[in-house]
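Q: Dropping in run_22.txt, with compact mmCIF, C-alpha atoms.
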# COMPACT_ATOMS: atom_id res chain seq x y z
CA MET A 1 -1.67 27.68 5.33
CA PHE A 2 -4.14 28.61 2.62
CA THR A 3 -7.53 30.21 3.10
CA PHE A 4 -10.08 28.52 0.87
CA PRO A 5 -12.35 31.12 -0.76
CA VAL A 6 -15.75 29.40 -0.57
CA SER A 7 -15.57 27.59 2.78
CA GLY A 8 -13.28 30.11 4.49
CA ALA A 9 -11.33 27.23 6.07
CA GLU A 10 -7.59 27.60 6.63
CA VAL A 11 -5.96 24.32 5.62
CA GLN A 12 -2.51 23.21 4.49
CA PRO A 13 -3.03 22.42 0.75
CA LEU A 14 -0.46 19.60 0.83
CA LEU A 15 -2.70 17.78 3.31
CA LEU A 16 -5.50 17.85 0.74
CA VAL A 17 -3.19 16.58 -2.00
CA PHE A 18 -2.11 13.78 0.36
CA LEU A 19 -5.74 13.00 1.23
CA GLY A 20 -6.67 12.87 -2.46
CA PHE A 21 -3.72 10.61 -3.21
CA THR A 22 -4.55 8.11 -0.46
CA ALA A 23 -8.30 8.11 -1.19
CA GLY A 24 -7.60 7.68 -4.91
CA MET A 25 -5.22 4.80 -4.37
CA VAL A 26 -7.54 2.93 -1.97
CA GLY A 27 -10.59 3.65 -4.15
CA GLY A 28 -8.89 2.49 -7.33
CA PHE A 29 -7.72 -0.70 -5.68
CA ILE A 30 -10.77 -1.88 -3.75
CA GLY A 31 -13.48 -0.10 -5.75
CA ILE A 32 -14.89 2.26 -3.16
CA GLY A 33 -15.38 6.02 -3.10
CA GLY A 34 -13.93 6.28 0.40
CA GLY A 35 -16.47 8.78 1.70
CA TYR A 36 -16.44 7.17 5.15
CA MET A 37 -12.73 8.00 5.40
CA VAL A 38 -12.50 11.31 3.53
CA THR A 39 -15.48 13.21 5.01
CA PRO A 40 -14.31 12.81 8.66
CA ALA A 41 -10.76 13.72 7.59
CA LEU A 42 -11.99 16.92 5.90
CA ILE A 43 -13.94 17.84 9.04
CA VAL A 44 -10.77 17.24 11.09
CA PHE A 45 -8.85 19.50 8.71
CA GLY A 46 -11.28 22.32 9.50
CA PHE A 47 -13.97 22.27 6.80
CA PRO A 48 -17.58 22.61 8.01
CA GLY A 49 -19.53 19.33 7.91
CA TYR A 50 -21.88 20.22 5.03
CA MET A 51 -18.92 21.52 3.00
CA ALA A 52 -16.91 18.34 3.74
CA SER A 53 -19.69 16.18 2.25
CA GLY A 54 -19.87 18.34 -0.88
CA ILE A 55 -16.09 18.43 -1.39
CA ASP A 56 -15.87 14.68 -0.79
CA MET A 57 -18.67 13.88 -3.24
CA THR A 58 -17.16 16.09 -5.98
CA HIS A 59 -13.73 14.59 -5.42
CA ILE A 60 -15.20 11.05 -5.51
CA SER A 61 -16.94 11.66 -8.83
CA GLY A 62 -13.68 12.96 -10.34
CA THR A 63 -11.60 10.09 -8.95
CA SER A 64 -14.11 7.46 -10.05
CA ILE A 65 -13.89 8.74 -13.66
CA ILE A 66 -10.09 8.39 -13.58
CA THR A 67 -10.22 4.91 -12.06
CA SER A 68 -13.09 3.77 -14.31
CA VAL A 69 -11.14 4.73 -17.42
CA ARG A 70 -8.11 2.79 -16.19
CA HIS A 71 -10.19 -0.25 -15.16
CA ARG A 72 -11.92 -0.18 -18.54
CA GLN A 73 -8.55 -0.33 -20.26
CA MET A 74 -7.73 -3.33 -18.05
CA GLY A 75 -11.00 -5.05 -18.99
CA ASN A 76 -12.46 -4.91 -15.49
CA ILE A 77 -15.84 -3.34 -16.24
CA ASP A 78 -18.94 -5.35 -17.03
CA TRP A 79 -21.39 -2.86 -18.53
CA THR A 80 -24.36 -5.24 -18.33
CA ILE A 81 -23.99 -5.55 -14.58
CA ALA A 82 -23.14 -1.86 -14.15
CA LEU A 83 -26.17 -0.55 -16.03
CA SER A 84 -28.60 -3.08 -14.54
CA MET A 85 -27.33 -2.35 -11.07
CA VAL A 86 -27.45 1.44 -11.42
CA ALA A 87 -31.23 1.27 -11.85
CA GLY A 88 -31.67 -0.83 -8.70
CA THR A 89 -29.22 1.25 -6.69
CA MET A 90 -30.83 4.61 -7.54
CA PHE A 91 -34.28 3.34 -6.55
CA GLY A 92 -32.81 1.63 -3.46
CA VAL A 93 -31.05 4.79 -2.25
CA GLU A 94 -34.31 6.73 -2.51
CA VAL A 95 -36.12 3.99 -0.53
CA GLY A 96 -33.30 3.95 2.07
CA VAL A 97 -33.39 7.74 2.54
CA ARG A 98 -37.20 7.72 2.93
CA LEU A 99 -36.94 4.79 5.35
CA LEU A 100 -34.45 6.74 7.43
CA GLY A 101 -36.78 9.77 7.39
CA TYR A 102 -39.67 7.56 8.53
CA PHE A 103 -37.64 5.99 11.36
CA LYS A 104 -36.52 9.44 12.50
CA GLN A 105 -40.14 10.58 12.45
CA ILE A 106 -41.16 7.76 14.78
CA GLY A 107 -38.33 8.67 17.15
CA LEU A 108 -35.27 6.68 16.06
CA SER A 109 -32.18 8.54 17.23
CA SER A 110 -28.99 9.07 15.23
CA VAL A 111 -27.22 6.83 17.76
CA ALA A 112 -29.37 3.92 16.53
CA VAL A 113 -28.32 4.66 12.91
CA LEU A 114 -24.68 4.70 14.01
CA ILE A 115 -25.13 1.36 15.79
CA ALA A 116 -26.83 -0.14 12.69
CA SER A 117 -24.00 1.16 10.52
CA LEU A 118 -21.44 -0.33 12.90
CA CYS A 119 -23.18 -3.73 12.96
CA ILE A 120 -23.30 -3.89 9.14
CA MET A 121 -19.63 -2.99 8.80
CA VAL A 122 -18.54 -5.49 11.48
CA GLY A 123 -20.70 -8.20 9.88
CA LEU A 124 -19.25 -7.51 6.43
CA PHE A 125 -15.72 -7.47 7.84
CA ILE A 126 -16.18 -10.84 9.58
CA TYR A 127 -17.78 -12.51 6.54
CA THR A 128 -15.30 -11.09 4.00
CA ASN A 129 -12.30 -11.89 6.17
CA ILE A 130 -13.36 -15.46 6.97
CA GLU A 131 -14.26 -16.22 3.34
CA THR A 132 -11.02 -14.69 2.05
CA ARG A 133 -9.00 -16.72 4.57
CA LYS A 134 -10.68 -19.91 3.30
CA SER A 135 -9.87 -18.98 -0.32
CA HIS A 136 -6.32 -18.04 0.69
CA LYS A 137 -5.82 -21.41 2.40
CA ALA A 138 -7.12 -23.24 -0.67
CA MET A 139 -4.70 -21.28 -2.86
CA MET A 140 -1.77 -22.00 -0.56
CA GLN A 141 -2.65 -25.69 -0.64
CA ALA A 142 -2.89 -25.68 -4.45
CA MET A 143 0.44 -23.86 -4.63
CA LYS A 144 2.08 -26.49 -2.39
CA GLU A 145 0.75 -29.21 -4.67
CA GLY A 146 2.28 -27.40 -7.66
CA LYS A 147 -1.04 -26.61 -9.33
CA ASP A 148 -1.63 -23.52 -11.48
CA LEU A 149 -3.54 -20.84 -9.61
CA ASP A 150 -6.49 -18.97 -11.09
CA LYS A 151 -6.63 -15.20 -10.85
CA GLU A 152 -9.73 -15.62 -8.69
CA GLU A 153 -10.71 -17.94 -5.88
CA VAL A 154 -14.00 -17.75 -3.99
CA SER A 155 -15.01 -20.33 -1.41
CA THR A 156 -18.74 -19.59 -1.28
CA SER A 157 -21.34 -21.08 -3.62
CA LEU A 158 -24.11 -18.60 -2.85
CA ALA A 159 -23.65 -16.84 -6.22
CA ILE A 160 -24.08 -20.10 -8.15
CA ARG A 161 -27.42 -20.70 -6.41
CA LEU A 162 -28.58 -17.19 -7.37
CA GLN A 163 -27.33 -17.66 -10.94
CA ASN A 164 -29.47 -20.78 -11.21
CA ILE A 165 -32.74 -18.93 -10.55
CA PRO A 166 -34.52 -19.02 -13.96
CA LEU A 167 -36.28 -15.65 -13.82
CA ALA A 168 -36.53 -13.97 -17.27
CA PRO A 169 -34.86 -11.88 -18.63
CA ILE A 170 -31.63 -13.85 -18.32
CA VAL A 171 -28.63 -11.76 -19.30
CA ARG A 172 -25.15 -12.80 -20.34
CA CYS A 173 -22.44 -10.71 -18.67
CA ARG A 174 -19.53 -11.20 -21.04
CA THR A 175 -16.72 -9.52 -19.06
CA ALA A 176 -17.72 -11.19 -15.81
CA GLY A 177 -18.28 -14.43 -17.70
CA LEU A 178 -21.61 -15.34 -16.17
CA VAL A 179 -25.24 -15.80 -17.06
CA ILE A 180 -27.80 -14.58 -14.54
CA SER A 181 -31.32 -13.26 -14.25
CA MET A 182 -31.31 -9.47 -14.63
CA TRP A 183 -33.65 -9.28 -11.64
CA MET A 184 -30.93 -10.72 -9.42
CA ILE A 185 -28.58 -7.89 -10.41
CA VAL A 186 -31.30 -5.25 -9.98
CA GLY A 187 -32.28 -6.85 -6.65
CA VAL A 188 -28.73 -6.78 -5.31
CA GLY A 189 -28.44 -3.16 -6.47
CA LEU A 190 -31.72 -2.36 -4.72
CA LEU A 191 -30.62 -4.04 -1.48
CA THR A 192 -27.23 -2.34 -1.40
CA GLY A 193 -28.89 0.96 -2.38
CA VAL A 194 -31.37 0.74 0.52
CA LEU A 195 -28.50 0.08 2.94
CA ALA A 196 -26.42 2.91 1.47
CA GLY A 197 -29.35 5.35 1.58
CA PHE A 198 -30.29 4.35 5.12
CA LEU A 199 -26.73 4.63 6.43
CA GLY A 200 -25.95 7.79 4.44
CA VAL A 201 -22.91 6.35 2.68
CA GLY A 202 -21.99 5.77 -0.97
CA GLY A 203 -22.15 2.03 -0.49
CA GLY A 204 -19.05 0.88 -2.37
CA PHE A 205 -17.94 -1.24 0.56
CA ILE A 206 -21.32 -3.04 0.48
CA ARG A 207 -21.56 -3.41 -3.32
CA VAL A 208 -18.12 -4.93 -3.96
CA PRO A 209 -18.68 -7.93 -1.61
CA ALA A 210 -22.26 -8.20 -2.94
CA LEU A 211 -21.00 -8.38 -6.54
CA VAL A 212 -18.51 -11.09 -5.64
CA TYR A 213 -20.55 -13.19 -3.22
CA LEU A 214 -24.09 -12.72 -4.58
CA ILE A 215 -23.67 -12.07 -8.31
CA GLY A 216 -20.52 -14.18 -8.74
CA SER A 217 -18.26 -11.77 -10.63
CA SER A 218 -14.52 -11.84 -10.05
CA THR A 219 -13.16 -9.33 -7.54
CA HIS A 220 -11.38 -7.35 -10.29
CA VAL A 221 -14.60 -6.98 -12.29
CA ALA A 222 -16.53 -6.12 -9.10
CA VAL A 223 -14.06 -3.30 -8.40
CA GLY A 224 -14.22 -1.84 -11.93
CA THR A 225 -17.99 -2.19 -12.20
CA ASP A 226 -18.59 -0.63 -8.80
CA LEU A 227 -16.46 2.36 -9.75
CA VAL A 228 -18.80 3.03 -12.70
CA GLU A 229 -21.72 3.03 -10.26
CA ILE A 230 -19.86 5.39 -7.96
CA GLY A 231 -19.22 7.67 -10.95
CA VAL A 232 -22.95 7.85 -11.74
CA SER A 233 -24.09 8.39 -8.14
CA GLY A 234 -21.14 10.74 -7.51
CA ALA A 235 -22.08 12.92 -10.50
CA TYR A 236 -25.66 13.20 -9.24
CA GLY A 237 -24.47 13.98 -5.70
CA THR A 238 -22.03 16.59 -7.03
CA LEU A 239 -24.82 18.32 -8.93
CA ARG A 240 -27.04 18.41 -5.83
CA HIS A 241 -24.24 19.71 -3.60
CA SER A 242 -23.12 22.29 -6.20
CA ILE A 243 -26.63 23.70 -6.52
CA GLN A 244 -26.77 24.06 -2.74
CA GLY A 245 -23.34 25.76 -2.69
CA ASN A 246 -21.65 23.05 -0.62
CA VAL A 247 -18.61 22.61 -2.83
CA ASP A 248 -15.29 24.42 -2.49
CA PHE A 249 -13.86 23.78 -5.94
CA VAL A 250 -10.37 25.02 -5.00
CA ALA A 251 -10.16 22.35 -2.30
CA VAL A 252 -11.47 19.78 -4.77
CA MET A 253 -8.79 20.75 -7.30
CA PHE A 254 -6.05 20.17 -4.71
CA MET A 255 -7.52 16.78 -3.85
CA ILE A 256 -7.89 15.79 -7.50
CA CYS A 257 -4.20 16.65 -8.06
CA GLY A 258 -3.29 13.91 -5.58
CA ALA A 259 -6.06 11.58 -6.70
CA VAL A 260 -4.91 11.58 -10.34
CA VAL A 261 -1.67 9.88 -9.30
CA GLY A 262 -3.10 7.77 -6.46
CA ALA A 263 -6.00 6.43 -8.53
CA GLN A 264 -3.66 5.32 -11.30
CA PHE A 265 -1.45 3.55 -8.76
CA GLY A 266 -4.44 1.85 -7.14
CA ALA A 267 -6.05 0.72 -10.39
CA ILE A 268 -2.82 -0.54 -11.94
CA SER A 269 -1.87 -2.39 -8.73
CA THR A 270 -4.92 -4.64 -9.13
CA ALA A 271 -3.21 -6.21 -12.17
CA TYR A 272 -0.45 -7.50 -9.89
CA VAL A 273 -2.63 -9.31 -7.36
CA ARG A 274 -5.26 -12.04 -7.32
CA GLY A 275 -8.84 -11.50 -6.14
CA PRO A 276 -8.37 -12.52 -2.48
CA ALA A 277 -5.64 -9.86 -2.02
CA ILE A 278 -8.17 -7.16 -2.94
CA ARG A 279 -10.77 -8.71 -0.63
CA TYR A 280 -8.25 -8.84 2.23
CA ILE A 281 -7.60 -5.11 1.90
CA LEU A 282 -11.35 -4.48 1.64
CA SER A 283 -11.89 -6.46 4.85
CA TYR A 284 -9.14 -4.53 6.66
CA SER A 285 -10.66 -1.26 5.50
CA LEU A 286 -14.01 -2.45 6.91
CA MET A 287 -12.34 -3.37 10.20
CA LEU A 288 -10.74 0.07 10.53
CA ALA A 289 -13.91 1.84 9.39
CA SER A 290 -15.82 -0.06 12.10
CA LEU A 291 -13.31 1.12 14.68
CA GLY A 292 -13.56 4.61 13.20
CA ALA A 293 -17.35 4.51 13.63
CA ALA A 294 -17.15 3.00 17.13
CA LEU A 295 -14.98 5.80 18.54
CA PRO A 296 -17.39 8.70 17.73
CA LEU A 297 -20.23 6.47 18.96
CA LEU A 298 -18.45 5.95 22.28
CA ASN A 299 -17.71 9.67 22.35
CA THR A 300 -21.41 10.45 21.89
CA LEU A 301 -22.51 7.88 24.47
CA THR A 302 -20.06 9.26 27.05
CA GLY A 303 -21.20 12.82 26.32
CA GLY A 304 -17.79 13.87 24.96
CA THR A 305 -16.23 13.78 28.42
CA ILE A 306 -13.33 11.49 27.45
CA ARG A 307 -11.08 13.71 25.32
CA ILE A 308 -8.73 10.91 24.31
CA LEU A 309 -11.57 9.32 22.29
CA SER A 310 -11.82 12.26 19.90
CA VAL A 311 -8.01 12.42 19.54
CA LEU A 312 -7.91 8.68 18.80
CA ALA A 313 -10.70 9.08 16.25
CA VAL A 314 -8.65 11.73 14.40
CA ILE A 315 -5.49 9.58 14.46
CA LEU A 316 -7.44 6.52 13.29
CA THR A 317 -9.13 8.45 10.46
CA LEU A 318 -5.78 9.40 8.95
CA GLY A 319 -4.05 6.19 10.07
CA GLN A 320 -6.45 3.87 8.26
CA MET A 321 -5.85 5.62 4.95
CA ILE A 322 -2.07 5.48 5.40
CA PHE A 323 -2.34 1.80 6.44
CA LEU A 324 -4.36 0.83 3.38
CA CYS A 325 -2.00 2.69 1.04
CA MET A 326 1.04 1.07 2.63
CA PHE A 327 -0.58 -2.35 2.36
CA ILE A 328 -1.36 -1.82 -1.33
CA LEU A 329 2.17 -0.56 -2.02
CA SER A 330 3.58 -3.56 -0.09
CA MET A 331 1.59 -5.99 -2.23
CA LEU A 332 2.79 -4.19 -5.36
CA GLY A 333 6.37 -4.36 -4.04
CA PHE A 334 6.03 -8.09 -3.25
CA ALA A 335 4.66 -8.72 -6.76
CA LEU A 336 7.63 -6.94 -8.34
CA LEU A 337 10.05 -8.86 -6.08
CA ALA A 338 8.35 -12.15 -6.98
CA ARG A 339 8.73 -11.33 -10.68
CA LYS A 340 12.45 -10.88 -10.12
CA GLY A 341 12.57 -14.24 -8.32
CA LYS A 342 13.38 -12.66 -4.94
CA TRP A 343 12.04 -13.58 -1.50
CA VAL A 344 8.43 -12.72 -0.64
CA PRO A 345 6.49 -13.76 2.49
CA THR A 346 4.98 -17.25 2.21
CA TRP A 347 1.43 -15.97 2.80
CA ALA A 348 1.78 -13.29 0.09
CA ALA A 349 3.02 -15.59 -2.69
CA PRO A 350 -0.37 -17.09 -3.68
CA LEU A 351 -1.98 -13.64 -3.63
CA LEU A 352 0.35 -12.28 -6.31
CA VAL A 353 -0.11 -12.72 -10.04
CA ALA A 354 2.58 -15.03 -11.38
CA PRO A 355 5.00 -13.65 -14.02
CA ALA A 356 3.20 -15.49 -16.78
CA GLY A 357 -0.12 -13.90 -15.64
CA GLY A 358 -2.98 -15.64 -13.90
CA ARG A 359 -5.69 -17.37 -15.86
CA ALA A 360 -9.07 -15.72 -15.80
CA ARG A 361 -11.50 -17.57 -13.61
CA VAL A 362 -13.62 -20.11 -15.36
CA GLN A 363 -17.13 -19.33 -14.28
CA PRO A 364 -19.56 -22.16 -13.41
CA ALA A 365 -19.45 -25.01 -15.86
CA THR A 366 -23.09 -24.43 -16.73
CA VAL A 367 -22.40 -21.16 -18.57
CA GLU A 368 -22.64 -22.73 -22.03
CA GLU A 369 -25.74 -24.63 -21.06
CA ARG A 370 -27.47 -21.61 -19.61
CA SER A 371 -26.39 -19.25 -22.38
CA ALA A 372 -28.72 -21.25 -24.59
CA ILE A 373 -31.68 -20.20 -22.47
CA MET B 1 14.22 -11.83 12.24
CA ILE B 2 12.44 -9.25 10.07
CA LYS B 3 11.75 -11.93 7.47
CA GLY B 4 10.35 -14.12 10.26
CA ILE B 5 7.89 -11.41 11.34
CA LEU B 6 6.91 -10.52 7.77
CA ASP B 7 6.31 -14.20 7.03
CA ASN B 8 3.37 -14.13 9.46
CA GLN B 9 0.41 -12.35 7.92
CA TRP B 10 -0.85 -10.86 11.19
CA GLY B 11 2.70 -9.83 12.10
CA PHE B 12 2.91 -7.95 8.81
CA VAL B 13 -0.53 -6.36 9.29
CA ILE B 14 0.32 -5.22 12.82
CA ILE B 15 3.68 -3.74 11.78
CA VAL B 16 2.11 -1.77 8.93
CA LEU B 17 -0.79 -0.65 11.15
CA VAL B 18 1.49 0.55 13.95
CA PHE B 19 3.65 2.42 11.45
CA ALA B 20 0.59 4.02 9.82
CA LEU B 21 -0.84 5.08 13.18
CA ALA B 22 2.53 6.52 14.18
CA VAL B 23 2.70 8.60 10.98
CA SER B 24 -0.89 9.68 11.56
CA ALA B 25 -0.09 10.69 15.16
CA LEU B 26 2.87 12.75 13.90
CA ILE B 27 0.64 14.50 11.34
CA TYR B 28 -1.87 15.21 14.11
CA GLN B 29 0.80 16.50 16.48
CA PHE B 30 2.74 18.72 14.09
CA VAL B 31 0.22 19.77 11.44
CA LEU B 32 -3.34 19.47 12.70
CA SER B 33 -3.08 20.39 16.37
CA ALA B 34 -1.47 23.71 15.34
CA SER B 35 -4.49 24.64 13.24
CA MET B 36 -7.20 23.24 15.54
In structure tokens, write the structure found in this file.

A:
Amino acid sequence: MFTFPVSGAEVQPLLLVFLGFTAGMVGGFIGIGGGYMVTPALIVFGFPGYMASGIDMTHISGTSIITSVRHRQMGNIDWTIALSMVAGTMFGVEVGVRLLGYFKQIGLSSVAVLIASLCIMVGLFIYTNIETRKSHKAMMQAMKEGKDLDKEEVSTSLAIRLQNIPLAPIVRCRTAGLVISMWMIVGVGLLTGVLAGFLGVGGGFIRVPALVYLIGSSTHVAVGTDLVEIGVSGAYGTLRHSIQGNVDFVAVMFMICGAVVGAQFGAISTAYVRGPAIRYILSYSLMLASLGAALPLLNTLTGGTIRILSVLAVILTLGQMIFLCMFILSMLGFALLARKGKWVPTWAAPLLVAPAGGRARVQPATVEERSAI
Amino acid sequence: MIKGILDNQWGFVIIVLVFALAVSALIYQFVLSASM
């Protein structure tokens, strides 16, 4: 055990290294900060709630820098989308926080916020999972027919409809390979920012599906671009928490030690899988996060009388991170086996990048036409 | 048999989930409950 100087908490440092490693790996792979997993875990470890938020935010900003650098090297960041979206997100978060304050003022309880948060996460899980299954089926079918698979497959056409809205200024996003009105990007940033501010989360798990389904970027670019956003908002959050004295930098250093390795693993692993594999893991993380939110809600509603609920919540908090890491490592393992020509599960084969490398997705055929606008 | 289970996506997900929860329960039992 180690007594942390600022918070006074007595925690096993290896647990923090492990937490940083898992959060870094998951964050680097699916493009989220992981606050909804890390903050409860830190509270379970014995840090006070306000300190847990500060430590988590500081750790997230450090991890997102590591993962952003790696994703940039892999060509997964679209700066046009990132910078346009940051503006919308910042404004949206402010609106969301004020909205929450207003609702609290008129008597909305924290239970209602928890229920809203749960509904959004369940909704996102259902949509992402169903859409990814459709894409997965289409890829399996194409594989059976002996066709070449693209690195990305999305079964919804919502993004194409939004891309066709001719609202100036129209911007060309070179890395994502699409042409879209800048207002659409700002609008999606605003919407996800309002939700994030209202629910009190970073919002990575809302932005990545939004970038894929509403803007139309590939999942890999959505992950890299979202990590830039997390870096910006994380840096601001770190500054705020540091000024208020909510950050135990020794704890953060232990977490970053694990995150340095985990984030590299997570980011590099994305090169071995196709887009739907990332979205599958994102949907599973949403499913487990929903369960993780439902247990404390049940605990609150039952007045904390059922002790097993709080124990289950602790086990699930740690379990979901271990599950996501094991899933990512399994996909990486399957990809390496496939490259050696060994057996991999039938369902996993289309999700892995073929030895020759997948082709980048060809964005809507109207790109050339609309680039002339 | 293992290949048969792994060949089903949900089978694979459930195996990994159960294993992860078991590891988590062990961490809770032997590391966290001592300090809580």

Q: Can you write out as JSON lines which residues of chain A fall within 6 Å of chain B, alongside each residue's closest atom pair and its distance in Å to one decimal, counting only C-alpha atoms and ordering rows by chain and ascending residue number?

A:
{"residue": "A:Ile315", "atom": "CA", "partner": "B:Ser24", "partner_atom": "CA", "distance": 5.4}
{"residue": "A:Leu318", "atom": "CA", "partner": "B:Ser24", "partner_atom": "CA", "distance": 5.6}
{"residue": "A:Gly319", "atom": "CA", "partner": "B:Leu21", "partner_atom": "CA", "distance": 4.6}
{"residue": "A:Ile322", "atom": "CA", "partner": "B:Ala20", "partner_atom": "CA", "distance": 5.4}
{"residue": "A:Phe323", "atom": "CA", "partner": "B:Ala20", "partner_atom": "CA", "distance": 5.0}
{"residue": "A:Pro345", "atom": "CA", "partner": "B:Asp7", "partner_atom": "CA", "distance": 4.6}
{"residue": "A:Thr346", "atom": "CA", "partner": "B:Asp7", "partner_atom": "CA", "distance": 5.9}

Q: Give me the residues within 9 Å of Ala23 of chain A as a PyMOL selection string, counting all atoms listed in the file and dropping any in the same chain fewer than 5 places off.

A: chain A and resi 18+28+33-35+37-38+60+63+258-259+262-263+321+325

Q: Grab the atom CA of Cys119 of chain A to atom CA of Gly54 of chain A distance for me, in Å with one decimal place.

A: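 A separation of 26.3 Å between them.
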
Q: In Å, how far is it from atom CA of Tyr213 of chain A to atom CA of Phe29 of chain A?

A: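 Atom CA of Tyr213 of chain A sits 18.1 Å away from atom CA of Phe29 of chain A.
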
Q: What gap, in Å, lies between atom CA of Gly193 of chain A and atom CA of Gly123 of chain A?

A: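 Atom-to-atom, atom CA of Gly193 of chain A to atom CA of Gly123 of chain A, that is 17.4 Å.
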
Q: Counting all atoms listed in the file, which residues sit no farther than 10 Å from the position (-12.9, 3.0, 11.6) in the file's frame? I'd like them as a list in words.

A: Tyr36, Met37, Leu118, Met121, Tyr284, Ser285, Leu286, Met287, Leu288, Ala289, Ser290, Leu291, Gly292, Ala293, Ala294, Leu295, Pro296, Ala313, Leu316, Thr317, Leu318, Gly319 and Gln320 of chain A

Q: Selected residues, C-alpha atoms, written as a JSON list (two decimals), in the coordinates of the input, please.

A:
[["chain", "number", "residue", "atom", "x", "y", "z"],
["A", 36, "TYR", "CA", -16.44, 7.17, 5.15],
["A", 37, "MET", "CA", -12.73, 8.00, 5.40],
["A", 118, "LEU", "CA", -21.44, -0.33, 12.90],
["A", 121, "MET", "CA", -19.63, -2.99, 8.80],
["A", 284, "TYR", "CA", -9.14, -4.53, 6.66],
["A", 285, "SER", "CA", -10.66, -1.26, 5.50],
["A", 286, "LEU", "CA", -14.01, -2.45, 6.91],
["A", 287, "MET", "CA", -12.34, -3.37, 10.20],
["A", 288, "LEU", "CA", -10.74, 0.07, 10.53],
["A", 289, "ALA", "CA", -13.91, 1.84, 9.39],
["A", 290, "SER", "CA", -15.82, -0.06, 12.10],
["A", 291, "LEU", "CA", -13.31, 1.12, 14.68],
["A", 292, "GLY", "CA", -13.56, 4.61, 13.20],
["A", 293, "ALA", "CA", -17.35, 4.51, 13.63],
["A", 294, "ALA", "CA", -17.15, 3.00, 17.13],
["A", 295, "LEU", "CA", -14.98, 5.80, 18.54],
["A", 296, "PRO", "CA", -17.39, 8.70, 17.73],
["A", 313, "ALA", "CA", -10.70, 9.08, 16.25],
["A", 316, "LEU", "CA", -7.44, 6.52, 13.29],
["A", 317, "THR", "CA", -9.13, 8.45, 10.46],
["A", 318, "LEU", "CA", -5.78, 9.40, 8.95],
["A", 319, "GLY", "CA", -4.05, 6.19, 10.07],
["A", 320, "GLN", "CA", -6.45, 3.87, 8.26]]

Q: Do you know which residues are at most 10 Å from Leu297 of chain A counting only C-alpha atoms, after dropping those on the same chain fewer than 6 positions away, and could you put them as a list in words?

A: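 Contacts, with the query itself left out: Ser110, Val111, Ala112, Leu114, Ile115, Leu118, Leu291, Gly303, Gly304 and Leu309 of chain A.
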
Q: Which residues are close to Met184 of chain A, i.e. within 10 Å by all atoms listed in the file, leaving aside same-chain residues fewer than 3 positions away? Reply as JSON, numbers by chain.

A: {"A": [84, 85, 88, 162, 163, 165, 167, 170, 180, 181, 187, 188, 189, 190, 214, 215]}
